[in-house]
Number of protein chains: 2
Amino acid sequence: MANIREVAKKAGVSVATVSRVLNHPQSVSPITTERVLSVIKELQFTPNGLARSLALSRTNTIALLVPNILNPLYPQIAKGVEDVTHQKGYNILLCNTEYSEARENQYIDMLLEKRVDGFILTASQLPPSEFKKIKEAKVPLVLIDRDENPPENIVYTDYLLGGQLATQHLIEIGYKRIAHITGPLHLRENKDKCIGYIKALEENQLSTHENLIINGDNEVEGGYIAAKKLLSLHNPPDAIFAANDLMAIGAIDAIKTEGLKIPNDIAIVGFDDIRMASLVEPKLTTVSQPVYKMGLIAARILFDSIENEDDINYQQKIYIQPKLMVRKSCGHENRLREIFN
Amino acid sequence: MANIREVAKKAGVSVATVSRVLNHPQSVSPITTERVLSVIKELQFTPNGLARSLALSRTNTIALLVPNILNPLYPQIAKGVEDVTHQKGYNILLCNTEYSEARENQYIDMLLEKRVDGFILTASQLPPSEFKKIKEAKVPLVLIDRDENPPENIVYTDYLLGGQLATQHLIEIGYKRIAHITGPLHLRENKDKCIGYIKALEENQLSTHENLIINGDNEVEGGYIAAKKLLSLHNPPDAIFAANDLMAIGAIDAIKTEGLKIPNDIAIVGFDDIRMASLVEPKLTTVSQPVYKMGLIAARILFDSIENEDDINYQQKIYIQPKLMVRKSCGHENRLREIFN
DNA sequence: CTGAAAGCGCTTACAG
DNA sequence: CTGAAAGCGCTTACAG
């Protein structure tokens with residue numbers, strides 16, 4: 001492949017001039033520019049971005065780490081990030097951490113070597129000490145749904161509020177024995193949802209029952225298994241709040257296979273509002289977070305940091321308000337009817 | 001950030017030795033190695049991958065272009081690619097082309113400048129002439145579901161067979177007026193599905209009706225709209241074959257809002273077997289392609305090419321056999337009962 | 001408006 | 001086992 005030297009030679013100019021034609025065309029005479037451009041075309045010269053990045057200390061590439069691209073949440077975030085990134089002329093290095101701290105760490109090292117201009121970490125598992133590597137390399141960083149509250153740029157959904165909203169809604173409809181299927185509890189977002197759930201119960205003088213709180217894995221299968229367990233209780237719940245939609249959908253499946261009706265026999269509320277939520281039967285009442293927008297926002301914050309290196313110590317913290325999407329699975333219609341009768 | 005020169009100085013060796021410790025440790029004396037390693041740790045030296053790549057002409061990065069990461073097919077492909085890629089110590093640059101030839105082109109130029117070691121293009125829209133850019137740069141390339149049959153490495157599902165399988169199945173159950181909602185017809189895969197559909201009808205002496213073939217957009221919404229149109233026909237179909245599951249799910253939604261029962265009033269078969277397919281009500285009969293595996297295979301072929309540069313002219317072509325997943329939405333159970341009664 | 005030259009930070013063939 | 005030096009392919013401050 002042709003390099004800048006060959007272009008310069010063939011055009012009868014210095015490599016400096018070729019470089020200027022590419023980067024600061026206004027500083028080169030039109031005649032020269034034209035000549036160089038035609039040689040570039042003739043030789044099909046594609047400038048070497050590695051050399052360029054090495055000289056400029058800028059790669060126009062950012063890293064996006066997600067725990068599991070198969071969870072429909074993350075493609076939405078990725079899309080949000082990409083829409084900003086593309087418009088800025090950047091590329092995204094995408095990594096799946098599989099919720100593994102080791103893999104996340106390993107990827108961060110690779111990415112640091114590749115000199116990415118910034119990081120967006122979602123649901124990061126890393127101990128704060130590990131962020132130091134990134135900070136010391138002076139690479140801007142944005143955390144989405146980090147399980148703590150470190151001194152970094154963050155975009156965080158108020159999951160505690162979300163858990164409250166879901167539970168409060170079920171309480172208002174009239175349910176008394178509300179179960180909760182949690183996500184993996186080492187992630188703060190899941191702890192927060194659970195705390196919100198308990199808080200709502202307590203605020204309404206409802207007692208919490210330990211056997212009504214079951215751990216799930218954030219997957220359809222986990223929701224299925226958890227719901228089966230709940231249904232086999234001596235005193236089964238009359239409603240379930242699942243910490244994500246995937247589990248809620250698994251729970252719906254389990255409930256149906258037991259021959260029970262939703263919401264008549266048991267109500268269910270999810271979390272995330274993935275597209276599937278409004279397509280299952282009955283349509284799932286769930287807590288919605290603007291995931292695509294969170295990707296957008298995270299990317300914008302990241303570029304803020306990239307473009308203002310001086311502000312390295314200025315952090316932006318965005319807290320997202322989740323919203324309840326009332327559909328069919330919570331049975332609010334039936335209950336209203338009961339009340340009116 | 002420390003560079004290799006500072007490490008060398010502090011360790012009292014040459015930069016060559018530091019480089020060797022990093023890349024060929026067996027060629028350096030244990031004592032020296034240890035000393036260098038400790039300085040590396042002390043200085044928190046992170047080797048500059050750009051410089052390394054520039055010297056080696058290898059970036060350990062491949063590009064993956066998808067038309068729309070929000071379509072659940074593509075995260076599965078991405079996962080397959082990533083699993084191989086991670087194990088090889090490579091990273092993925094992910095790009096969303098939005099089915100736009102311009103955007104795809106633009107990304108390919110950026111990626112070529114960044115000197116990626118290989119490309120995986122899914123559902124590429126590019127005219128063959130554009131592949132030349134990649135070929136001339138001698139960058140290995142694998143196409144997944146490319147809309148033609150170019151002289152490249154390809155992984156292609158036999159969509160024509162898939163279309164036949166779906167339609168044949170409906171015919172065998174006993175349906176006579178089978179409609180087809182197509183995907184965008186400028187993509188070969190959608191043409192192929194449609195041809196398969198027609199072929200199955202013809203092979204069974206069923207006539208095709210132009211108004212039973214409706215264009216869709218591969219999205220839930222498009223399926224919804226298309227189904228509405230079909231239902232409003234003077235002589236509506238008794239079964240629908242949708243070119244993808246998203247549209248099939250949209251169609252199910254439309255059919256339900258019309259107060260019709262699936263499959264009793266009208267049957268439906270989709271394509272792709274996305275996870276949602278087995279979670280909607282009724283569970284969707286669909287044609288399955290092993291998408292994750294296709295990602296794996298594509299990545300393996302790519303690494304074959306990357307690791308055997310000499311074989312640049314040797315192309316692998318993998319044709320994937322789709323499989324029919326019979327569930328509830330096609331009504332095969334009801335029909336069987338009819339036959340037995 | 002243009003060129004010569006230093007610099008970005010690595011790797012490795014060659015010589016010892 | 002180790003070092004000096006050339007090379008990878010750019011950019012830009014400096015001088016003209």
# chains A, B, ... in the order shown; residues from 1 in each chain; ligands from 1
>>> residues_around(residues="Gly183 in chain B", least_positions_apart="5", cutoff="8 Å", atoms="only C-alpha atoms (C1' of nucleotides)", output="list in words")
Asn190, Asn215, Gly216, Asp217, Asn218, Ala243 and Asn244 of chain B
>>> write_last_selection(atoms="N, CA and C atoms", output="PDB file, in the first residue's frame")
ATOM      1  N   ASN B 190     -34.053 -11.661   1.369  1.00  0.00           N
ATOM      2  CA  ASN B 190     -35.503 -11.516   1.335  1.00  0.00           C
ATOM      3  C   ASN B 190     -36.099 -11.959   0.005  1.00  0.00           C
ATOM      4  N   ASN B 215     -44.979  -6.121   1.034  1.00  0.00           N
ATOM      5  CA  ASN B 215     -43.648  -5.739   1.508  1.00  0.00           C
ATOM      6  C   ASN B 215     -43.677  -5.254   2.949  1.00  0.00           C
ATOM      7  N   GLY B 216     -42.691  -5.694   3.705  1.00  0.00           N
ATOM      8  CA  GLY B 216     -42.545  -5.222   5.079  1.00  0.00           C
ATOM      9  C   GLY B 216     -41.165  -4.637   5.260  1.00  0.00           C
ATOM     10  N   ASP B 217     -40.876  -4.188   6.466  1.00  0.00           N
ATOM     11  CA  ASP B 217     -39.619  -3.482   6.726  1.00  0.00           C
ATOM     12  C   ASP B 217     -38.724  -4.234   7.710  1.00  0.00           C
ATOM     13  N   ASN B 218     -39.088  -5.472   7.975  1.00  0.00           N
ATOM     14  CA  ASN B 218     -38.337  -6.280   8.952  1.00  0.00           C
ATOM     15  C   ASN B 218     -38.477  -5.789  10.387  1.00  0.00           C
ATOM     16  N   ALA B 243     -41.330 -12.848   6.757  1.00  0.00           N
ATOM     17  CA  ALA B 243     -39.912 -13.066   6.443  1.00  0.00           C
ATOM     18  C   ALA B 243     -38.995 -12.905   7.643  1.00  0.00           C
ATOM     19  N   ASN B 244     -39.496 -12.335   8.735  1.00  0.00           N
ATOM     20  CA  ASN B 244     -38.718 -12.431   9.972  1.00  0.00           C
ATOM     21  C   ASN B 244     -39.644 -12.411  11.188  1.00  0.00           C
TER      22      ASN B 244
END
>>> residues_around(residues="DA13 in chain D", least_positions_apart="5", cutoff="12 Å", atoms="only C-alpha atoms (C1' of nucleotides)", output="MDAnalysis selection string")
(chainID A and resid 16) or (chainID C and resid 4:7)
>>> interface_residues(of="chain A", to="chain D", cutoff="10 Å", atoms="only C-alpha atoms (C1' of nucleotides)", output="PyMOL selection string")
chain A and resi 3-5+15-16+19-20+23+47-56
>>> select_by_dssp(residues="range 131-244 of chain A", states="strand (DSSP E or B)", output="VMD selection string")
chain A and resid 141 to 144 153 to 157 178 to 182 213 to 215 239 to 242
>>> interface_residues(of="chain A", to="chain B", cutoff="7 Å", atoms="only C-alpha atoms", output="NGL selection string")
:A and (1 or 46-51 or 54 or 69-70 or 75-76 or 91-94 or 113-114 or 137 or 276 or 279-281)
>>> write_last_selection(atoms="C-alpha atoms", output="short mmCIF file (atom, residue, chain, number, x, y, z; two decimals), in the first residue's frame")
data_model
loop_
_atom_site.label_atom_id
_atom_site.label_comp_id
_atom_site.auth_asym_id
_atom_site.auth_seq_id
_atom_site.Cartn_x
_atom_site.Cartn_y
_atom_site.Cartn_z
CA MET A 1 0.00 0.00 0.00
CA THR A 46 -5.03 5.48 2.44
CA PRO A 47 -3.24 7.35 5.21
CA ASN A 48 -2.04 5.16 8.03
CA GLY A 49 -4.13 6.00 11.05
CA LEU A 50 -1.72 4.26 13.39
CA ALA A 51 1.10 6.59 12.45
CA LEU A 54 1.00 7.93 17.28
CA ILE A 69 -24.62 -7.88 24.53
CA LEU A 70 -27.37 -10.51 24.39
CA PRO A 75 -27.68 -2.93 22.17
CA GLN A 76 -29.87 0.05 22.97
CA ASN A 91 -15.26 4.34 16.26
CA ILE A 92 -16.28 2.02 19.06
CA LEU A 93 -14.36 -0.93 20.40
CA LEU A 94 -17.01 -3.20 21.87
CA GLU A 113 -2.53 -0.29 25.22
CA LYS A 114 -4.53 0.58 22.16
CA ALA A 137 -3.52 7.09 32.07
CA MET A 276 -40.61 -7.75 24.31
CA LEU A 279 -45.42 -7.99 23.03
CA VAL A 280 -45.90 -10.77 25.53
CA GLU A 281 -49.34 -11.84 26.60
#
>>> residues_around(residues="Glu130 in chain A", least_positions_apart="2", cutoff="12 Å", atoms="only C-alpha atoms (C1' of nucleotides)", output="JSON, numbers by chain")
{"A": [101, 102, 104, 105, 106, 108, 109, 124, 125, 126, 127, 128, 132, 133, 134, 135, 136, 137, 150]}
>>> write_last_selection(atoms="N, CA and C atoms", output="JSON list (two decimals), in the first residue's frame")
[["chain", "number", "residue", "atom", "x", "y", "z"],
["A", 101, "GLU", "N", -15.05, -10.01, 36.42],
["A", 101, "GLU", "CA", -14.10, -8.95, 36.75],
["A", 101, "GLU", "C", -12.78, -9.19, 36.03],
["A", 102, "ALA", "N", -12.37, -10.44, 35.97],
["A", 102, "ALA", "CA", -11.10, -10.76, 35.33],
["A", 102, "ALA", "C", -11.12, -10.35, 33.86],
["A", 104, "GLU", "N", -13.08, -8.21, 32.45],
["A", 104, "GLU", "CA", -13.20, -6.76, 32.33],
["A", 104, "GLU", "C", -11.81, -6.12, 32.46],
["A", 105, "ASN", "N", -11.07, -6.57, 33.43],
["A", 105, "ASN", "CA", -9.73, -6.09, 33.67],
["A", 105, "ASN", "C", -8.81, -6.31, 32.49],
["A", 106, "GLN", "N", -8.90, -7.49, 31.97],
["A", 106, "GLN", "CA", -8.08, -7.88, 30.84],
["A", 106, "GLN", "C", -8.37, -6.97, 29.63],
["A", 108, "ILE", "N", -9.63, -3.98, 29.75],
["A", 108, "ILE", "CA", -9.19, -2.61, 30.01],
["A", 108, "ILE", "C", -7.71, -2.47, 29.72],
["A", 109, "ASP", "N", -6.93, -3.47, 30.08],
["A", 109, "ASP", "CA", -5.50, -3.41, 29.77],
["A", 109, "ASP", "C", -5.26, -3.36, 28.27],
["A", 124, "SER", "N", -20.21, -2.02, 35.57],
["A", 124, "SER", "CA", -18.84, -2.45, 35.87],
["A", 124, "SER", "C", -18.74, -3.15, 37.22],
["A", 125, "GLN", "N", -17.90, -4.16, 37.24],
["A", 125, "GLN", "CA", -17.72, -4.97, 38.44],
["A", 125, "GLN", "C", -16.45, -4.59, 39.19],
["A", 126, "LEU", "N", -15.68, -3.70, 38.60],
["A", 126, "LEU", "CA", -14.34, -3.45, 39.11],
["A", 126, "LEU", "C", -14.32, -2.77, 40.47],
["A", 127, "PRO", "N", -13.36, -3.16, 41.32],
["A", 127, "PRO", "CA", -13.14, -2.40, 42.55],
["A", 127, "PRO", "C", -12.58, -1.04, 42.17],
["A", 128, "PRO", "N", -12.91, -0.02, 42.97],
["A", 128, "PRO", "CA", -12.51, 1.34, 42.62],
["A", 128, "PRO", "C", -11.02, 1.45, 42.33],
["A", 132, "LYS", "N", -8.28, 3.40, 38.88],
["A", 132, "LYS", "CA", -7.08, 4.22, 38.96],
["A", 132, "LYS", "C", -6.21, 4.07, 37.72],
["A", 133, "LYS", "N", -6.13, 2.84, 37.23],
["A", 133, "LYS", "CA", -5.34, 2.60, 36.01],
["A", 133, "LYS", "C", -5.78, 3.53, 34.90],
["A", 134, "ILE", "N", -7.11, 3.63, 34.77],
["A", 134, "ILE", "CA", -7.65, 4.47, 33.70],
["A", 134, "ILE", "C", -7.40, 5.95, 34.00],
["A", 135, "LYS", "N", -7.63, 6.31, 35.26],
["A", 135, "LYS", "CA", -7.41, 7.70, 35.65],
["A", 135, "LYS", "C", -5.96, 8.11, 35.47],
["A", 136, "GLU", "N", -5.06, 7.22, 35.87],
["A", 136, "GLU", "CA", -3.64, 7.58, 35.78],
["A", 136, "GLU", "C", -3.18, 7.70, 34.35],
["A", 137, "ALA", "N", -3.83, 6.96, 33.49],
["A", 137, "ALA", "CA", -3.52, 7.09, 32.07],
["A", 137, "ALA", "C", -4.21, 8.34, 31.50],
["A", 150, "PRO", "N", -18.60, 6.19, 42.76],
["A", 150, "PRO", "CA", -17.22, 6.66, 42.82],
["A", 150, "PRO", "C", -17.11, 8.07, 42.26]]
>>> select_by_dssp(residues="range 1-189 of chain A", states="helix (DSSP H, G or I)", output="PDB file with C-alpha atoms, in the first residue's frame")
ATOM      1  CA  ILE A   4       2.863   9.392   2.205  1.00  0.00           C
ATOM      2  CA  ARG A   5       6.428   9.396   0.921  1.00  0.00           C
ATOM      3  CA  GLU A   6       5.490   7.844  -2.383  1.00  0.00           C
ATOM      4  CA  VAL A   7       2.692  10.318  -2.801  1.00  0.00           C
ATOM      5  CA  ALA A   8       5.054  13.203  -2.073  1.00  0.00           C
ATOM      6  CA  LYS A   9       7.607  11.944  -4.522  1.00  0.00           C
ATOM      7  CA  LYS A  10       5.141  11.412  -7.332  1.00  0.00           C
ATOM      8  CA  ALA A  11       3.561  14.826  -6.730  1.00  0.00           C
ATOM      9  CA  VAL A  15       5.697  14.780   2.764  1.00  0.00           C
ATOM     10  CA  ALA A  16       4.901  17.800   4.911  1.00  0.00           C
ATOM     11  CA  THR A  17       2.883  19.234   2.082  1.00  0.00           C
ATOM     12  CA  VAL A  18       0.977  16.018   1.520  1.00  0.00           C
ATOM     13  CA  SER A  19       0.191  15.913   5.195  1.00  0.00           C
ATOM     14  CA  ARG A  20      -1.023  19.492   5.059  1.00  0.00           C
ATOM     15  CA  VAL A  21      -3.262  18.796   2.103  1.00  0.00           C
ATOM     16  CA  LEU A  22      -4.887  16.095   4.191  1.00  0.00           C
ATOM     17  CA  ASN A  23      -5.108  18.001   7.458  1.00  0.00           C
ATOM     18  CA  PRO A  25      -5.864  22.195   3.132  1.00  0.00           C
ATOM     19  CA  GLN A  26      -6.425  25.917   3.557  1.00  0.00           C
ATOM     20  CA  SER A  27      -2.706  26.332   4.234  1.00  0.00           C
ATOM     21  CA  PRO A  30      -4.853  25.392  -4.634  1.00  0.00           C
ATOM     22  CA  ILE A  31      -2.608  24.215  -7.454  1.00  0.00           C
ATOM     23  CA  THR A  32      -0.469  22.092  -5.171  1.00  0.00           C
ATOM     24  CA  THR A  33      -3.526  20.773  -3.409  1.00  0.00           C
ATOM     25  CA  GLU A  34      -5.044  19.643  -6.646  1.00  0.00           C
ATOM     26  CA  ARG A  35      -1.868  17.952  -7.812  1.00  0.00           C
ATOM     27  CA  VAL A  36      -1.448  16.117  -4.513  1.00  0.00           C
ATOM     28  CA  LEU A  37      -5.074  15.090  -4.422  1.00  0.00           C
ATOM     29  CA  SER A  38      -4.878  13.591  -7.872  1.00  0.00           C
ATOM     30  CA  VAL A  39      -1.791  11.581  -6.952  1.00  0.00           C
ATOM     31  CA  ILE A  40      -3.548  10.399  -3.801  1.00  0.00           C
ATOM     32  CA  LYS A  41      -6.402   9.154  -5.909  1.00  0.00           C
ATOM     33  CA  GLU A  42      -4.113   7.649  -8.513  1.00  0.00           C
ATOM     34  CA  LEU A  43      -2.099   5.742  -5.934  1.00  0.00           C
ATOM     35  CA  GLY A  49      -4.129   5.995  11.050  1.00  0.00           C
ATOM     36  CA  LEU A  50      -1.723   4.263  13.387  1.00  0.00           C
ATOM     37  CA  ALA A  51       1.104   6.589  12.453  1.00  0.00           C
ATOM     38  CA  ARG A  52      -1.238   9.507  12.650  1.00  0.00           C
ATOM     39  CA  SER A  53      -2.517   8.504  16.060  1.00  0.00           C
ATOM     40  CA  LEU A  54       0.999   7.929  17.280  1.00  0.00           C
ATOM     41  CA  ALA A  55       2.001  11.422  16.244  1.00  0.00           C
ATOM     42  CA  LEU A  56      -1.139  13.054  17.596  1.00  0.00           C
ATOM     43  CA  LEU A  73     -30.662  -3.415  27.125  1.00  0.00           C
ATOM     44  CA  TYR A  74     -27.099  -3.165  25.895  1.00  0.00           C
ATOM     45  CA  PRO A  75     -27.676  -2.933  22.173  1.00  0.00           C
ATOM     46  CA  GLN A  76     -29.872   0.046  22.967  1.00  0.00           C
ATOM     47  CA  ILE A  77     -27.114   1.672  24.967  1.00  0.00           C
ATOM     48  CA  ALA A  78     -24.653   0.807  22.225  1.00  0.00           C
ATOM     49  CA  LYS A  79     -26.919   2.431  19.669  1.00  0.00           C
ATOM     50  CA  GLY A  80     -27.115   5.604  21.738  1.00  0.00           C
ATOM     51  CA  VAL A  81     -23.359   5.702  22.103  1.00  0.00           C
ATOM     52  CA  GLU A  82     -22.823   4.951  18.450  1.00  0.00           C
ATOM     53  CA  ASP A  83     -25.079   7.697  17.234  1.00  0.00           C
ATOM     54  CA  VAL A  84     -22.919  10.265  19.009  1.00  0.00           C
ATOM     55  CA  THR A  85     -19.681   8.556  18.200  1.00  0.00           C
ATOM     56  CA  HIS A  86     -20.407   8.310  14.486  1.00  0.00           C
ATOM     57  CA  GLN A  87     -21.280  11.935  14.265  1.00  0.00           C
ATOM     58  CA  GLU A 101     -14.104  -8.952  36.752  1.00  0.00           C
ATOM     59  CA  ALA A 102     -11.096 -10.756  35.328  1.00  0.00           C
ATOM     60  CA  ARG A 103     -12.302 -10.381  31.770  1.00  0.00           C
ATOM     61  CA  GLU A 104     -13.195  -6.760  32.335  1.00  0.00           C
ATOM     62  CA  ASN A 105      -9.726  -6.086  33.672  1.00  0.00           C
ATOM     63  CA  GLN A 106      -8.076  -7.877  30.836  1.00  0.00           C
ATOM     64  CA  TYR A 107     -10.029  -5.880  28.298  1.00  0.00           C
ATOM     65  CA  ILE A 108      -9.194  -2.611  30.011  1.00  0.00           C
ATOM     66  CA  ASP A 109      -5.501  -3.414  29.771  1.00  0.00           C
ATOM     67  CA  MET A 110      -5.792  -4.198  26.057  1.00  0.00           C
ATOM     68  CA  LEU A 111      -7.764  -1.040  25.477  1.00  0.00           C
ATOM     69  CA  LEU A 112      -5.317   1.097  27.392  1.00  0.00           C
ATOM     70  CA  GLU A 113      -2.525  -0.288  25.220  1.00  0.00           C
ATOM     71  CA  PRO A 128     -12.507   1.345  42.623  1.00  0.00           C
ATOM     72  CA  SER A 129      -8.776   0.719  42.749  1.00  0.00           C
ATOM     73  CA  GLU A 130      -8.959  -0.559  39.201  1.00  0.00           C
ATOM     74  CA  PHE A 131     -10.349   2.677  37.890  1.00  0.00           C
ATOM     75  CA  LYS A 132      -7.078   4.219  38.956  1.00  0.00           C
ATOM     76  CA  LYS A 133      -5.341   2.595  36.014  1.00  0.00           C
ATOM     77  CA  ILE A 134      -7.655   4.472  33.704  1.00  0.00           C
ATOM     78  CA  LYS A 135      -7.413   7.700  35.652  1.00  0.00           C
ATOM     79  CA  GLU A 136      -3.640   7.578  35.784  1.00  0.00           C
ATOM     80  CA  TYR A 159     -33.259   1.969  40.814  1.00  0.00           C
ATOM     81  CA  LEU A 160     -34.382   2.386  44.369  1.00  0.00           C
ATOM     82  CA  LEU A 161     -37.144   4.684  43.186  1.00  0.00           C
ATOM     83  CA  GLY A 162     -37.894   2.215  40.403  1.00  0.00           C
ATOM     84  CA  GLY A 163     -38.351  -0.600  42.897  1.00  0.00           C
ATOM     85  CA  GLN A 164     -40.627   1.592  44.943  1.00  0.00           C
ATOM     86  CA  LEU A 165     -42.721   2.611  41.957  1.00  0.00           C
ATOM     87  CA  ALA A 166     -43.338  -0.982  40.937  1.00  0.00           C
ATOM     88  CA  THR A 167     -44.185  -2.164  44.436  1.00  0.00           C
ATOM     89  CA  GLN A 168     -46.239   0.867  45.369  1.00  0.00           C
ATOM     90  CA  HIS A 169     -48.309   0.379  42.246  1.00  0.00           C
ATOM     91  CA  LEU A 170     -49.093  -3.220  43.170  1.00  0.00           C
ATOM     92  CA  ILE A 171     -49.973  -2.166  46.688  1.00  0.00           C
ATOM     93  CA  GLU A 172     -52.332   0.522  45.436  1.00  0.00           C
ATOM     94  CA  ILE A 173     -54.128  -1.976  43.255  1.00  0.00           C
ATOM     95  CA  ARG A 188     -25.907  -2.335  43.312  1.00  0.00           C
ATOM     96  CA  GLU A 189     -28.773  -1.770  40.912  1.00  0.00           C
TER      97      GLU A 189
END
>>> atom_distance(atom1="CA of Ile255 in chain A", atom2="CA of Ile274 in chain B")
21.9 Å
>>> atom_distance(atom1="CA of Ala239 in chain A", atom2="CA of Tyr175 in chain A")
6.5 Å
>>> closest_residue(among="A:Val155, A:Leu121, A:Ala200, A:Val142", to="Ile178 in chain A", atoms="only C-alpha atoms")
A:Ala200
>>> closest_residue(among="B:Val13, B:Ile262, B:Ile195, B:Ala242", to="Val28 in chain B", atoms="only C-alpha atoms")
B:Val13
>>> residues_around(residues="Asn264 in chain A", least_positions_apart="3", cutoff="12 Å", atoms="only C-alpha atoms (C1' of nucleotides)", output="PyMOL selection string")
chain A and resi 175+238-239+255-256+259-261+267-268+282+328-335+338
>>> atom_distance(atom1="CA of Lys191 in chain B", atom2="CA of Tyr292 in chain B")
23.1 Å
>>> residues_around(residues="Ile213 in chain A", least_positions_apart="5", cutoff="7 Å", atoms="only C-alpha atoms (C1' of nucleotides)", output="ChimeraX atom specification")
/A:179-181
